[in-house]
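As structure tokens, the structure follows; a few thoughts come after it.
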Amino acid sequence: MALKVGVIGTGMIGQDHIRRISEVLSGAVVTAVTDADKARAQSVADSRGAKVYDDAASLIASDEVDAVLVCSWGPAH
């Protein structure tokens, strides 16, 4: 059973983490993303088969997420 990962922030750093989880690591899958830029979040989600959430709180609360990576800019942490 794979670890279901949600990613907050789909900019350069978030996309790099998503790529590593999806293409390099085994045992984990990105199931959820969110970003202030909804179009970018949707594009990243579509490329990885993930679901887009409207905000961080709903992503964190989702049953589809076991772990969360916060990749948003500093003040958004």
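Chain labels follow the order of the structure tokens: the first chain is A, the next B, and so on; residue numbering restarts at 1 in every chain, and ligands are counted from 1 in their shown order.
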If we count only C-alpha atoms, what is near Leu59 (chain A) at a cut-off of 7 Å, once residues fewer than 4 positions away on the same chain are taken out, given as a PyMOL selection string? chain A and resi 6+32+53+55
Residues from the last selection, N, CA, C and O atoms, saved as a PDB file, in the first residue's frame:
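Final file, again-v4.pdb:
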ATOM      1  N   GLY A   6      -0.014  14.568  -0.062  1.00  0.00           N
ATOM      2  CA  GLY A   6      -0.593  15.816  -0.536  1.00  0.00           C
ATOM      3  C   GLY A   6       0.499  16.872  -0.569  1.00  0.00           C
ATOM      4  O   GLY A   6       1.365  16.904   0.313  1.00  0.00           O
ATOM      5  N   ALA A  32      -2.936  14.501  -3.983  1.00  0.00           N
ATOM      6  CA  ALA A  32      -3.613  15.777  -3.785  1.00  0.00           C
ATOM      7  C   ALA A  32      -2.627  16.928  -3.894  1.00  0.00           C
ATOM      8  O   ALA A  32      -1.483  16.810  -3.462  1.00  0.00           O
ATOM      9  N   TYR A  53      -7.275  20.553  -4.472  1.00  0.00           N
ATOM     10  CA  TYR A  53      -8.065  21.050  -3.351  1.00  0.00           C
ATOM     11  C   TYR A  53      -8.040  22.571  -3.355  1.00  0.00           C
ATOM     12  O   TYR A  53      -7.070  23.179  -3.784  1.00  0.00           O
ATOM     13  N   ASP A  55      -7.914  24.607  -0.845  1.00  0.00           N
ATOM     14  CA  ASP A  55      -7.041  25.224   0.160  1.00  0.00           C
ATOM     15  C   ASP A  55      -6.300  24.144   0.936  1.00  0.00           C
ATOM     16  O   ASP A  55      -6.620  22.962   0.844  1.00  0.00           O
TER      17      ASP A  55
END
Exercise for the section: Using only C-alpha atoms, determine which residues lie at most 6 Å from region 69-71 of chain A, disregarding the query and same-chain residues fewer than 2 positions distant; provide the list as an MDAnalysis selection string. Expected result: chainID A and resid 7:9 14
Taking C-alpha atoms for each residue, export the selection above as a compact mmCIF listing (two decimals), in the first residue's frame.
# COMPACT_ATOMS: atom_id res chain seq x y z
CA VAL A 7 1.50 18.76 -1.73
CA ILE A 8 0.80 22.36 -0.77
CA GLY A 9 2.44 24.57 -3.37
CA GLY A 14 6.63 21.65 -5.27
query = Residues of region 1-43 of chain A in strand (DSSP E or B) according to DSSP, as a list in words?
reply =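 Put together, the selection reads Leu3, Lys4, Val5, Gly6, Val7, Ile8, Ala28, Val29, Val30, Thr31, Ala32, Val33 and Thr34 of chain A.
Counting only C-alpha atoms, Ser72 (chain A) has the following residues at most 12 Å away, ignoring those fewer than 3 positions along the same chain: Val7, Ile8, Gly9, Thr10, Gly11, Met12, Ile13, Gly14, Gln15, His17, Val33, Thr34, Asp35, Ala36, Asp37, Ala41, Asp55, Ala56, Val68, Leu69, Pro75, Ala76 and His77 of chain A.
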In terms of only C-alpha atoms, the residue from A:Val24, A:Ile18, A:Val29, A:Ala57 at minimal distance from Ala2 (chain A) is A:Val29
Give me the residues near region 46-48 of chain A as a ChimeraX atom specification, where near means some atom within 8 Å (using only C-alpha atoms) and where sequence neighbours in that chain fewer than 4 positions away do not count. /A:22,30,42
With N, CA and C atoms retained, could you export that selection as an mmCIF file, in the first residue's frame?
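As a result, result-v3.cif now contains:
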data_model
loop_
_atom_site.group_PDB
_atom_site.id
_atom_site.type_symbol
_atom_site.label_atom_id
_atom_site.label_comp_id
_atom_site.auth_asym_id
_atom_site.auth_seq_id
_atom_site.Cartn_x
_atom_site.Cartn_y
_atom_site.Cartn_z
ATOM 1 N N SER A 22 6.926 10.817 -7.715
ATOM 2 C CA SER A 22 6.279 10.075 -8.800
ATOM 3 C C SER A 22 7.238 9.236 -9.632
ATOM 4 N N VAL A 30 1.510 10.831 -5.177
ATOM 5 C CA VAL A 30 0.895 12.138 -4.946
ATOM 6 C C VAL A 30 -0.582 12.027 -5.303
ATOM 7 N N GLN A 42 -4.050 22.759 -11.158
ATOM 8 C CA GLN A 42 -4.824 21.848 -12.011
ATOM 9 C C GLN A 42 -3.942 21.183 -13.053
#
Residue with smallest distance to Asp54 (chain A) - pool A:Ala28, A:Lys38, A:Leu3, A:Arg19, counting only C-alpha atoms: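 So, comparing all the options, the nearest one is A:Lys38.
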